[in-house]
Structures are given as C-alpha cells and as structure tokens.
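Comments concern the structure below.
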Amino acid sequence: MKRIEKAKYVMDKLEELYPEVPIPLDHQDAYTLTIAVLLSAQCTDVRVNQITPLLFYKADNPADMVKLSIEEIKEIIRPCGLSPAKSKAIWNLSRILLEEHNGAVPNNFKDLEALPGVGHKTASVVMSQAFGYPAFPVDTHIHRLMYRWGLTTGKNVEQTEKDAKKLFPKDKWNKLHLQIIFYGREYSPARGFRLENSPIDQYIGVKSRLPK
C-alpha cells in the first residue's frame with residue numbers, strides 16, 4: 001500500500017474514532033498552555049494536570065509568576081520531574097515575556113523558540129492550539145506510530161514532522177496530531193502492543209522495529 005493511501009486511511013479512521021479531540025493539557029490561555037507543555041516533558045499529561053491547578057492558583061500569568069521564587073516553583077512542580085531545570089525555565093520565560101513581549105506569549109515560532117524551555121515541539125503545540133496556526137507537533141507517540149505505519153523513515157522527529165506535513169492536508173494538522181496521540185494511548189501503546197487491538201495496524205500492516 002502506498003504512503004498516500006495509508007495516510008488517507010489513517011485520517012478517515014481517526015476521524016471515525018475521535019471526531020472530537022480535547023487538548024489533553026488543562027489550560028486557560030496561551031501562557032498557561034505554554035507552561036503546561038513545558039512541564040509535560042518526560043511527564044504524563046495526567047500528572048501535569050494534577051500539578052498545574054496549584055501552580056496556576058498562585059500564578060497564572062507572567063507578572064505573578066516572577067513574584068514567586070524559583071525555589072517555590074520547583075517545590076510545586078517537583079512531581080513532574082526535572083524540576084530544577086523546569087522551574088528556572090518557567091521563571092525566566094515569564095521574565096522575558098514581561099520585558100520583551102508586554103507580558104504576552106508571542107504568536108510566532110522564532111520568538112517562542114527563543115524562550116527558555118521552549119523547543120520546537122512546545123512552540124508547535126502553542127502555535128496550533130493557542131493561536132490556531134497550522135502546525136504538526138511530533139511527540140514520541142506520533143514519531144513511533146508514523147514509523148510503525150510506514151508513513152515516515154523514522155530517523156528523527158524532525159523527519160517525521162516533514163513527512164507528516166507532506167502527507168496530510170494542512171487544514172487537518174492541528175486536529176490530526178491530537179487524534180494520533182489519543183490513538184496511540186488507547187490502541188497502540190509502546191509497551192504491551194497487541195496487533196489485534198489496533199484497527200489501523202491491522203489494516204495497513206506494521207513495521208516490526210521501532211524508530212531509533
């Protein structure tokens with residue numbers, strides 16, 4: 001089966017399974033989404049959603065966040081892991097937003113990716129989900145499944161993103177990347193994968209090895 005045929009089947013099946021896809025990370029605006037995505041690095045969305053209510057109760061905007069000490073932030077977010085680095089990034093990110101962006105999260109990739117703790121994937125999530133800009137954030141679920149389904153060479157997440165953008169219509173990107181994440185969690189996990197549980201894998205065939 002050609003890639004384009006696989007891609008169409010994947011889109012159709014995901015739309016059937018997930019006609020509505022909520023953003024997994026709880027947030028109120030672009031700022032709280034940025035912080036939540038930053039916290040989600042090497043941490044589950046469930047855990048992040050347990051931690052952010054306390055953090056955002058104390059500070060849900062840059063001005064209030066910089067009033068906290070880095071140590072205070074670190075103690076709150078400790079259960080998310082990597083708290084020393086993440087707390088510094090959150091505090092400095094907030095300071096830069098105040099000093100350089102009038103307290104607002106910038107709506108372009110260049111300025112977003114210049115912020116502490118914000119890489120391309122985080123910027124892509126913010127651009128797509130906060131600002132509605134077409135983007136295709138690639139996390140480990142998407143990287144793994146795109147390779148498993150033969151839709152990418154799987155060399156790295158950058159290549160996977162390029163392949164996804166070539167295969168899927170631009171107006172589908174923002175919803176589709178979430179649909180793939182939901183599918184991966186429910187039907188095609190990295191551990192305990194069973195072919196009989198995954199309708200997409202059954203239909204299009206799978207690669208036996210995982211991406212590097």
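Chains: A, B, ... in order of the structure tokens. Residues: from 1 per chain. Ligands: from 1, in order shown.
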Please tabulate, as a Markdown table, the residues of region 118-172 of chain A that come within 10 Å of region 27-39 of chain A, each with its closest pair of atoms and the distance in Å to one decimal, counting only C-alpha atoms and ordering rows by chain, then residue number upward.
| residue | atom | partner | partner_atom | distance |
| --- | --- | --- | --- | --- |
| A:Val118 | CA | A:Leu38 | CA | 6.6 |
| A:Gly119 | CA | A:Leu38 | CA | 8.8 |
| A:Lys121 | CA | A:Val37 | CA | 9.1 |
| A:Thr122 | CA | A:Val37 | CA | 6.0 |
| A:Ala123 | CA | A:Thr34 | CA | 7.9 |
| A:Val125 | CA | A:Val37 | CA | 7.7 |
| A:Val126 | CA | A:Thr34 | CA | 6.2 |
| A:Met127 | CA | A:Ala30 | CA | 8.9 |
| A:Gln129 | CA | A:Ala30 | CA | 8.4 |
| A:Ala130 | CA | A:Ala30 | CA | 5.2 |
| A:Phe131 | CA | A:Ala30 | CA | 7.8 |
*asked:* I want to know what sits within 10 Å of Lys67 (chain A), based on only C-alpha atoms, with residues of the same chain fewer than 3 positions away left out; could you give that as a ChimeraX atom specification?
replied: /A:58-59,62-64,70,72,91,95
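Proximity to Arg191 (chain A) at 12 Å, evaluated using only C-alpha atoms and with sequence-adjacent residues fewer than 6 positions away removed, yields His141, Arg144, Gly184, Arg185 and Leu210 of chain A.
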Just the selected residues (C-alpha atoms), exported as a PDB file, in the first residue's frame, please.
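Contents of part.pdb, freshly written:
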ATOM      1  CA  HIS A 141       3.574   8.675  20.208  1.00  0.00           C
ATOM      2  CA  ARG A 144       6.529   5.868  16.867  1.00  0.00           C
ATOM      3  CA  GLY A 184      -1.508   5.668  20.411  1.00  0.00           C
ATOM      4  CA  ARG A 185      -2.506   5.765  24.044  1.00  0.00           C
ATOM      5  CA  LEU A 210      10.631   0.866  16.279  1.00  0.00           C
TER       6      LEU A 210
END
_For Ile77 (chain A), find every residue with an atom within 10 Å (counting only C-alpha atoms), except residues of its own chain fewer than 4 positions away, and show them as a count of residues only._
16
